[in-house]
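*Asks:* Just so it is clear, I am handing over final-v1.json, which has JSON, C-alpha atoms.
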[["chain", "number", "residue", "atom", "x", "y", "z"],
["A", 1075, "MET", "CA", 15.55, 100.23, -40.44],
["A", 1076, "LYS", "CA", 13.36, 102.43, -38.28],
["A", 1077, "ARG", "CA", 14.88, 105.34, -36.52],
["A", 1078, "THR", "CA", 13.73, 106.07, -32.98],
["A", 1079, "THR", "CA", 14.70, 108.34, -30.13],
["A", 1080, "THR", "CA", 16.59, 105.48, -28.51],
["A", 1081, "GLY", "CA", 18.51, 104.62, -31.60],
["A", 1082, "VAL", "CA", 18.23, 102.19, -34.43],
["A", 1083, "VAL", "CA", 15.98, 99.13, -34.04],
["A", 1084, "SER", "CA", 16.85, 96.10, -36.15],
["A", 1085, "ARG", "CA", 14.00, 94.04, -37.73],
["A", 1086, "SER", "CA", 16.17, 90.90, -38.15],
["A", 1087, "ARG", "CA", 15.77, 89.67, -34.51],
["A", 1088, "PRO", "CA", 12.16, 88.40, -34.83],
["A", 1089, "ARG", "CA", 13.15, 86.51, -37.92],
["A", 1090, "ASN", "CA", 16.04, 84.94, -36.12],
["A", 1091, "ASN", "CA", 13.68, 83.87, -33.28],
["A", 1092, "GLN", "CA", 11.28, 82.34, -35.76],
["A", 1093, "TYR", "CA", 14.15, 80.44, -37.38],
["A", 1094, "LEU", "CA", 15.33, 79.17, -34.03],
["A", 1095, "ASN", "CA", 11.83, 78.07, -33.08],
["A", 1096, "ARG", "CA", 11.50, 76.16, -36.34],
["A", 1097, "ARG", "CA", 14.86, 74.48, -35.76],
["A", 1098, "SER", "CA", 13.80, 73.56, -32.23],
["A", 1099, "LYS", "CA", 10.56, 72.10, -33.49],
["A", 1100, "LEU", "CA", 12.33, 70.12, -36.18],
["A", 1101, "ARG", "CA", 14.88, 68.88, -33.68],
["A", 1102, "ALA", "CA", 12.09, 67.88, -31.26],
["A", 1103, "ALA", "CA", 10.25, 66.11, -34.07],
["A", 1104, "GLY", "CA", 13.46, 64.30, -34.97],
["A", 1105, "HIS", "CA", 13.96, 63.21, -31.39],
["A", 1106, "SER", "CA", 10.35, 61.96, -31.22],
["A", 1107, "MET", "CA", 10.75, 59.98, -34.43],
["A", 1108, "TYR", "CA", 14.06, 58.55, -33.19],
["A", 1109, "GLY", "CA", 12.48, 57.54, -29.88],
["A", 1110, "PHE", "CA", 9.59, 55.92, -31.70],
["A", 1111, "CYS", "CA", 11.95, 53.94, -33.90],
["A", 1112, "GLN", "CA", 13.93, 52.86, -30.87],
["A", 1113, "SER", "CA", 10.73, 51.66, -29.14],
["A", 1114, "VAL", "CA", 9.67, 49.75, -32.23],
["A", 1115, "LEU", "CA", 13.10, 48.16, -32.43],
["A", 1116, "ARG", "CA", 12.99, 47.13, -28.77],
["A", 1117, "VAL", "CA", 9.53, 45.59, -29.20],
["A", 1118, "PHE", "CA", 10.73, 43.78, -32.30],
["A", 1119, "LYS", "CA", 13.72, 42.38, -30.40],
["A", 1120, "ILE", "CA", 11.47, 41.17, -27.57],
["A", 1121, "VAL", "CA", 8.99, 39.57, -29.97],
["A", 1122, "PHE", "CA", 11.82, 37.99, -31.92],
["A", 1123, "THR", "CA", 13.40, 36.63, -28.74],
["A", 1124, "ILE", "CA", 10.08, 35.17, -27.56],
["A", 1125, "CYS", "CA", 9.36, 33.59, -30.94],
["A", 1126, "PHE", "CA", 12.86, 32.18, -31.13],
["A", 1127, "GLY", "CA", 12.55, 30.77, -27.60],
["A", 1128, "VAL", "CA", 9.17, 29.19, -28.35],
["A", 1129, "ALA", "CA", 10.51, 27.71, -31.56],
["A", 1130, "ALA", "CA", 13.59, 26.38, -29.80],
["A", 1131, "LEU", "CA", 11.45, 24.91, -27.00],
["A", 1132, "GLY", "CA", 9.14, 23.32, -29.54],
["A", 1133, "ALA", "CA", 12.06, 21.84, -31.41],
["A", 1134, "PHE", "CA", 13.60, 20.55, -28.19],
["A", 1135, "SER", "CA", 10.25, 19.04, -27.11],
["A", 1136, "PHE", "CA", 9.86, 17.40, -30.49],
["A", 1137, "ILE", "CA", 13.34, 15.91, -30.18],
["A", 1138, "LEU", "CA", 12.51, 14.62, -26.68],
["A", 1139, "ILE", "CA", 9.22, 13.07, -27.84],
["A", 1140, "LEU", "CA", 10.92, 11.50, -30.84],
["A", 1141, "SER", "CA", 13.72, 10.17, -28.62],
["A", 1142, "TYR", "CA", 11.23, 8.76, -26.07],
["A", 1143, "HIS", "CA", 9.26, 7.14, -28.87],
["A", 1144, "GLN", "CA", 12.43, 5.48, -30.10],
["A", 1145, "LEU", "CA", 13.36, 4.33, -26.59],
["A", 1146, "VAL", "CA", 9.97, 2.79, -25.75],
["A", 1147, "HIS", "CA", 10.02, 0.87, -29.02],
["A", 1148, "SER", "CA", 13.62, -0.21, -28.74],
["A", 1149, "SER", "CA", 14.26, -3.93, -28.32],
["A", 1150, "TYR", "CA", 17.15, -3.05, -26.02],
["A", 1151, "PHE", "CA", 14.68, -2.01, -23.30],
["A", 1152, "GLN", "CA", 12.29, -4.96, -23.69],
["A", 1153, "VAL", "CA", 11.63, -6.79, -20.39],
["A", 1154, "LYS", "CA", 13.56, -10.05, -20.55],
["A", 1155, "ASN", "CA", 13.87, -10.96, -16.85],
["A", 1156, "VAL", "CA", 11.32, -10.94, -14.01],
["A", 1157, "VAL", "CA", 12.72, -11.57, -10.53],
["A", 1158, "LEU", "CA", 10.15, -12.69, -7.93],
["A", 1159, "LYS", "CA", 10.93, -12.54, -4.22],
["A", 1160, "ASP", "CA", 9.17, -13.98, -1.16],
["A", 1161, "ILE", "CA", 6.37, -15.81, -2.93],
["A", 1162, "ASN", "CA", 4.91, -18.93, -1.38],
["A", 1163, "ARG", "CA", 1.14, -19.05, -1.66],
["A", 1164, "ILE", "CA", 0.90, -17.18, -4.96],
["A", 1165, "SER", "CA", 2.37, -18.85, -8.04],
["A", 1166, "GLU", "CA", 4.85, -17.34, -10.48],
["A", 1167, "SER", "CA", 2.41, -17.78, -13.37],
["A", 1168, "GLU", "CA", -0.28, -15.81, -11.48],
["A", 1169, "VAL", "CA", 2.15, -12.92, -10.88],
["A", 1170, "ILE", "CA", 3.20, -12.83, -14.53],
["A", 1171, "GLU", "CA", -0.41, -12.91, -15.71],
["A", 1172, "LEU", "CA", -1.61, -10.19, -13.31],
["A", 1173, "THR", "CA", 1.22, -7.85, -14.33],
["A", 1174, "GLY", "CA", 0.90, -8.56, -18.05],
["A", 1175, "LEU", "CA", 4.61, -9.35, -18.24],
["A", 1176, "ASP", "CA", 3.85, -12.48, -20.23],
["A", 1177, "LYS", "CA", 3.58, -10.20, -23.27],
["A", 1178, "PRO", "CA", 6.39, -8.19, -24.93],
["A", 1179, "THR", "CA", 6.74, -5.06, -22.82],
["A", 1180, "ASN", "CA", 9.12, -2.11, -22.80],
["A", 1181, "ILE", "CA", 10.55, -1.46, -19.35],
["A", 1182, "LEU", "CA", 10.25, 2.34, -19.77],
["A", 1183, "ALA", "CA", 6.58, 2.14, -20.74],
["A", 1184, "LEU", "CA", 5.56, 0.19, -17.62],
["A", 1185, "LYS", "CA", 3.45, 1.95, -14.98],
["A", 1186, "LEU", "CA", 4.68, 0.22, -11.85],
["A", 1187, "ASP", "CA", 1.96, 1.67, -9.60],
["A", 1188, "VAL", "CA", -0.73, 0.16, -11.83],
["A", 1189, "LEU", "CA", 0.99, -3.23, -11.81],
["A", 1190, "ALA", "CA", 1.23, -3.06, -8.00],
["A", 1191, "GLU", "CA", -2.50, -2.38, -7.69],
["A", 1192, "ASN", "CA", -3.24, -5.34, -9.98],
["A", 1193, "LEU", "CA", -1.16, -7.60, -7.76],
["A", 1194, "ARG", "CA", -2.85, -6.33, -4.58],
["A", 1195, "ASP", "CA", -6.15, -7.63, -5.96],
["A", 1196, "HIS", "CA", -4.86, -11.16, -5.40],
["A", 1197, "PRO", "CA", -6.23, -12.41, -2.05],
["A", 1198, "TRP", "CA", -2.86, -13.70, -0.83],
["A", 1199, "VAL", "CA", -1.00, -10.44, -1.51],
["A", 1200, "ASN", "CA", -0.79, -8.06, 1.43],
["A", 1201, "ASN", "CA", 1.72, -5.62, -0.08],
["A", 1202, "VAL", "CA", 4.03, -5.45, -3.08],
["A", 1203, "CYS", "CA", 7.00, -3.44, -4.33],
["A", 1204, "LEU", "CA", 8.12, -3.28, -7.98],
["A", 1205, "THR", "CA", 11.42, -1.80, -9.17],
["A", 1206, "ARG", "CA", 13.19, -1.47, -12.50],
["A", 1207, "LYS", "CA", 16.71, -2.72, -13.03],
["A", 1208, "MET", "CA", 17.86, -1.27, -16.31],
["A", 1209, "PRO", "CA", 17.87, -2.18, -19.06],
["A", 1210, "ASP", "CA", 15.61, -5.27, -19.05],
["A", 1211, "THR", "CA", 14.77, -6.56, -15.55],
["A", 1212, "ILE", "CA", 11.75, -6.08, -13.27],
["A", 1213, "ILE", "CA", 12.07, -7.02, -9.58],
["A", 1214, "ILE", "CA", 8.82, -7.89, -7.75],
["A", 1215, "GLU", "CA", 8.89, -8.23, -3.96],
["A", 1216, "ILE", "CA", 5.65, -9.59, -2.51],
["A", 1217, "GLU", "CA", 4.53, -9.60, 1.11],
["A", 1218, "GLU", "CA", 1.95, -12.34, 1.47],
["A", 1219, "HIS", "CA", -0.75, -12.60, 4.10],
["A", 1220, "GLN", "CA", 0.28, -14.95, 6.90],
["A", 1221, "PRO", "CA", -2.77, -16.95, 8.05],
["A", 1222, "ARG", "CA", -2.99, -17.22, 11.83],
["A", 1223, "SER", "CA", -6.05, -19.42, 11.87],
["A", 1224, "LEU", "CA", -9.31, -20.07, 10.10],
["A", 1225, "ILE", "CA", -12.58, -18.42, 11.02],
["A", 1226, "LYS", "CA", -16.09, -19.65, 10.31],
["A", 1227, "LEU", "CA", -18.27, -16.90, 8.81],
["A", 1228, "GLY", "CA", -20.82, -18.90, 6.89],
["A", 1229, "GLY", "CA", -17.90, -20.44, 5.01],
["A", 1230, "LEU", "CA", -14.32, -20.90, 6.18],
["A", 1231, "TYR", "CA", -11.91, -17.97, 5.73],
["A", 1232, "TYR", "CA", -8.25, -17.44, 6.41],
["A", 1233, "LEU", "CA", -7.60, -15.01, 9.26],
["A", 1234, "ASP", "CA", -4.40, -12.93, 9.47],
["A", 1235, "ASP", "CA", -2.49, -11.65, 12.51],
["A", 1236, "PHE", "CA", -4.56, -8.45, 12.56],
["A", 1237, "GLY", "CA", -7.88, -10.26, 12.76],
["A", 1238, "ASN", "CA", -8.78, -9.67, 9.11],
["A", 1239, "PRO", "CA", -10.49, -12.43, 7.09],
["A", 1240, "PHE", "CA", -8.76, -12.16, 3.72],
["A", 1241, "LYS", "CA", -9.58, -15.24, 1.64],
["A", 1242, "LYS", "CA", -12.17, -17.98, 1.53],
["A", 1243, "VAL", "CA", -10.77, -21.49, 1.91],
["A", 1244, "ASP", "CA", -10.97, -23.43, -1.35],
["A", 1245, "ALA", "CA", -12.05, -27.05, -1.48],
["A", 1246, "GLN", "CA", -8.59, -28.15, -2.64],
["A", 1247, "ASP", "CA", -6.74, -26.32, 0.15],
["A", 1248, "ARG", "CA", -5.03, -28.57, 2.68],
["A", 1249, "VAL", "CA", -5.39, -26.74, 5.96],
["A", 1250, "ASP", "CA", -4.37, -27.81, 9.47],
["A", 1251, "LEU", "CA", -5.05, -24.53, 11.26],
["A", 1252, "PRO", "CA", -7.54, -24.28, 14.17],
["A", 1253, "VAL", "CA", -10.96, -22.94, 13.31],
["A", 1254, "ILE", "CA", -12.34, -20.01, 15.31],
["A", 1255, "THR", "CA", -16.11, -20.04, 15.71],
["A", 1256, "GLY", "CA", -18.66, -17.84, 17.48],
["A", 1257, "PHE", "CA", -18.36, -14.79, 15.19],
["A", 1258, "SER", "CA", -20.42, -13.57, 12.25],
["A", 1259, "THR", "CA", -19.96, -11.17, 9.35],
["A", 1260, "THR", "CA", -22.23, -8.77, 11.26],
["A", 1261, "ASP", "CA", -19.64, -8.57, 14.05],
["A", 1262, "PHE", "CA", -17.00, -7.36, 11.58],
["A", 1263, "LYS", "CA", -19.38, -4.79, 10.06],
["A", 1264, "LYS", "CA", -21.15, -3.37, 13.12],
["A", 1265, "ARG", "CA", -18.50, -3.70, 15.83],
["A", 1266, "PRO", "CA", -15.17, -4.20, 14.04],
["A", 1267, "LYS", "CA", -12.96, -2.69, 16.76],
["A", 1268, "LEU", "CA", -14.40, -4.85, 19.54],
["A", 1269, "THR", "CA", -14.36, -7.95, 17.33],
["A", 1270, "ARG", "CA", -10.66, -7.54, 16.56],
["A", 1271, "GLN", "CA", -9.94, -7.00, 20.24],
["A", 1272, "GLU", "CA", -11.69, -10.28, 21.04],
["A", 1273, "LEU", "CA", -9.70, -12.01, 18.30],
["A", 1274, "LYS", "CA", -6.50, -10.52, 19.72],
["A", 1275, "ASP", "CA", -7.34, -12.19, 23.04],
["A", 1276, "ILE", "CA", -7.84, -15.50, 21.24],
["A", 1277, "PHE", "CA", -4.43, -15.09, 19.57],
["A", 1278, "LEU", "CA", -2.85, -14.63, 23.01],
["A", 1279, "PHE", "CA", -4.49, -17.90, 24.05],
["A", 1280, "MET", "CA", -3.13, -19.58, 20.91],
["A", 1281, "ASP", "CA", 0.37, -18.34, 21.81],
["A", 1282, "VAL", "CA", 0.08, -20.22, 25.11],
["A", 1283, "LEU", "CA", -0.96, -23.42, 23.29],
["A", 1284, "ALA", "CA", 1.89, -23.01, 20.77],
["A", 1285, "LYS", "CA", 4.40, -23.51, 23.61],
["A", 1286, "ARG", "CA", 2.92, -26.83, 24.72],
["A", 1287, "ASN", "CA", 4.02, -30.26, 23.52],
["A", 1288, "ASP", "CA", 1.18, -32.38, 24.91],
["A", 1289, "ARG", "CA", -2.30, -33.16, 23.58],
["A", 1290, "PHE", "CA", -3.19, -29.47, 24.00],
["A", 1291, "ARG", "CA", -0.50, -28.22, 21.64],
["A", 1292, "LEU", "CA", -1.79, -25.82, 19.01],
["A", 1293, "GLU", "CA", -1.38, -28.31, 16.15],
["A", 1294, "ASN", "CA", -3.86, -30.63, 17.87],
["A", 1295, "ILE", "CA", -6.58, -27.99, 18.31],
["A", 1296, "ALA", "CA", -9.45, -28.40, 15.88],
["A", 1297, "GLU", "CA", -11.75, -25.60, 17.05],
["A", 1298, "ILE", "CA", -11.72, -22.60, 19.38],
["A", 1299, "ASN", "CA", -15.22, -21.37, 20.12],
["A", 1300, "PHE", "CA", -15.77, -17.86, 21.43],
["A", 1301, "ASP", "CA", -18.72, -17.06, 23.68],
["A", 1302, "PRO", "CA", -19.10, -13.43, 24.80],
["A", 1303, "VAL", "CA", -20.43, -14.60, 28.18],
["A", 1304, "ARG", "CA", -18.63, -17.88, 28.97],
["A", 1305, "GLY", "CA", -15.38, -17.21, 27.12],
["A", 1306, "LEU", "CA", -13.33, -19.77, 25.18],
["A", 1307, "HIS", "CA", -14.12, -23.41, 24.61],
["A", 1308, "LEU", "CA", -11.79, -25.62, 22.58],
["A", 1309, "LEU", "CA", -12.03, -28.99, 20.92],
["A", 1310, "THR", "CA", -9.00, -31.17, 20.21],
["A", 1311, "ARG", "CA", -8.45, -33.18, 17.03],
["A", 1312, "GLU", "CA", -7.40, -36.22, 19.03],
["A", 1313, "ASN", "CA", -10.32, -37.90, 20.84],
["A", 1314, "ASN", "CA", -12.51, -34.75, 20.48],
["A", 1315, "LEU", "CA", -11.59, -33.67, 24.00],
["A", 1316, "GLN", "CA", -13.57, -30.58, 25.10],
["A", 1317, "VAL", "CA", -11.95, -27.94, 27.29],
["A", 1318, "LYS", "CA", -13.82, -25.06, 28.91],
["A", 1319, "VAL", "CA", -11.25, -22.29, 29.29],
["A", 1320, "GLY", "CA", -13.24, -19.10, 30.03],
["A", 1321, "PHE", "CA", -11.57, -15.67, 29.89],
["A", 1322, "GLY", "CA", -8.00, -14.69, 30.71],
["A", 1323, "ASP", "CA", -5.20, -16.13, 32.85],
["A", 1324, "TYR", "CA", -4.61, -18.77, 30.18],
["A", 1325, "GLN", "CA", -1.04, -19.62, 31.08],
["A", 1326, "ALA", "CA", -1.85, -20.24, 34.77],
["A", 1327, "LYS", "CA", -4.90, -22.33, 33.86],
["A", 1328, "PHE", "CA", -2.95, -24.65, 31.59],
["A", 1329, "ARG", "CA", -0.12, -24.84, 34.11],
["A", 1330, "ARG", "CA", -2.63, -26.25, 36.62],
["A", 1331, "LEU", "CA", -3.98, -28.58, 33.94],
["A", 1332, "GLY", "CA", -0.45, -29.81, 33.27],
["A", 1333, "ARG", "CA", 0.00, -30.76, 36.93],
["A", 1334, "VAL", "CA", -3.33, -32.63, 36.91],
["A", 1335, "LEU", "CA", -2.40, -34.53, 33.73],
["A", 1336, "ALA", "CA", 0.98, -35.46, 35.25],
["A", 1337, "HIS", "CA", -0.82, -36.85, 38.32],
["A", 1338, "LEU", "CA", -3.27, -38.81, 36.14],
["A", 1339, "LYS", "CA", -0.38, -40.26, 34.18],
["A", 1340, "ILE", "CA", 1.36, -41.39, 37.35],
["A", 1341, "THR", "CA", -1.82, -43.03, 38.68],
["A", 1342, "GLY", "CA", -2.63, -44.63, 35.32],
["A", 1343, "ASN", "CA", -5.83, -42.61, 34.79],
["A", 1344, "GLU", "CA", -4.63, -40.54, 31.86],
["A", 1345, "GLN", "CA", -6.75, -42.27, 29.20],
["A", 1346, "GLY", "CA", -10.42, -41.70, 28.48],
["A", 1347, "LEU", "CA", -10.65, -37.94, 29.12],
["A", 1348, "ILE", "CA", -13.59, -36.38, 27.32],
["A", 1349, "TYR", "CA", -14.12, -33.10, 29.21],
["A", 1350, "VAL", "CA", -11.98, -30.58, 31.12],
["A", 1351, "ASN", "CA", -13.19, -27.40, 32.85],
["A", 1352, "LEU", "CA", -10.66, -24.69, 33.79],
["A", 1353, "GLU", "CA", -13.21, -22.02, 34.74],
["A", 1354, "CYS", "CA", -13.48, -22.95, 38.40],
["A", 1355, "GLY", "CA", -10.72, -20.93, 39.99],
["A", 1356, "SER", "CA", -7.85, -23.05, 41.28],
["A", 1357, "ARG", "CA", -9.72, -26.30, 40.61],
["A", 1358, "VAL", "CA", -9.59, -28.43, 37.44],
["A", 1359, "ILE", "CA", -12.69, -30.47, 36.69],
["A", 1360, "ILE", "CA", -12.24, -33.51, 34.46],
["A", 1361, "ARG", "CA", -14.66, -36.09, 33.08],
["A", 1362, "ARG", "CA", -13.75, -39.44, 31.66],
["A", 1363, "SER", "CA", -15.65, -41.76, 29.36],
["A", 1364, "VAL", "CA", -17.87, -44.42, 30.91],
["A", 1365, "GLN", "CA", -15.60, -47.23, 29.72],
["A", 1366, "SER", "CA", -12.65, -45.61, 31.46]]
Output the file's structure as structure tokens, nothing else.
*Replies:*
Amino acid sequence: MKRTTTGVVSRSRPRNNQYLNRRSKLRAAGHSMYGFCQSVLRVFKIVFTICFGVAALGAFSFILILSYHQLVHSSYFQVKNVVLKDINRISESEVIELTGLDKPTNILALKLDVLAENLRDHPWVNNVCLTRKMPDTIIIEIEEHQPRSLIKLGGLYYLDDFGNPFKKVDAQDRVDLPVITGFSTTDFKKRPKLTRQELKDIFLFMDVLAKRNDRFRLENIAEINFDPVRGLHLLTRENNLQVKVGFGDYQAKFRRLGRVLAHLKITGNEQGLIYVNLECGSRVIIRRSVQS
């Protein structure tokens, strides 16, 4: 104790303050250590959760792969039936060979888009659709090209409704379609739009002939020649009768020709025609053989 004028001053208070400070520091250190441990524990939980999730995902993926492997090698899913629809020009054996379905194949392992592309390489196939019917059937629907006529482009080619040459005529093909002449491969390459428009006009002319039942019916037309200046000129199979048609107004022209033929039949002058010209407006010019 130290005596002063104000009274007695105790020396124990500084010691108490020092003790309290030490306790505060220890408590703060304890809190820091506790917080650190809690942070480590949280990180450990996160890492453990991630690792567990990855492991579970890996195990699940492995199970899926193993299951798929079993399925694609299972005899239960082997292709046993192939259903073909709408085939006419292309044979069943060609379809089976192009798709590879002549070999043992699992229906789940098939890539239908690849098979479809293989089939589209066949010249008669315009479009194709393949579907699976579980567990062992493949359905193949084929849209074939429909030939409208033949066209002479060096060789003879089939021509579809859109004016596209799609297949060369083989020597063994039996064809009774009219042959369009007057075009070249250059026309299809350098002026394709105009060429197809000209062919469209020829198809309209063929529609007119398809409605007739006389010697100018479409089945009796051997050749339709196109001239960009003079128009159409046809040749019949029967008697090689030549007809100058020109451009446009085809129905009216052949209506006039029908009236002339009816008159010739009545007068007994129907036989021996070798030439007809429908380009002269309302007139029809005919020429008969010398013998007639």
*Asks:* Kindly indicate which residue among A:Arg1286, A:Gly1256, A:Glu1297, A:Asn1200 lies nearest to A:Ser1223, using only C-alpha atoms for the distances.
*Replies:* A:Glu1297
*Asks:* Neighbouring residues of A:Met1280 were defined as those with any atom within 10 Å, considering only C-alpha atoms; residues of the same chain fewer than 2 positions away were excluded. Please report them as a PyMOL selection string.
*Replies:* chain A and resi 1222-1223+1252+1274-1278+1282-1285+1291-1292+1295+1298+1324
*Asks:* Could you pull out every residue with an atom within 10 Å of (-12.1, -31.7, 17.9), file coordinates, counting only C-alpha atoms, and send them as a count of residues only?
*Replies:* 16
*Asks:* Point out the residue among A:Pro1239, A:Ala1336, A:Phe1328, A:Leu1224 with the least atom-to-atom distance to A:Phe1262, counting all atoms listed in the file.
*Replies:* A:Pro1239
*Asks:* Could you tell me how far atom CA of A:Pro1209 sits from atom CA of A:Gln1152, in Å to one decimal place?
*Replies:*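 According to the coordinates, atom CA of A:Gln1152 and atom CA of A:Pro1209 are separated by 7.8 Å.
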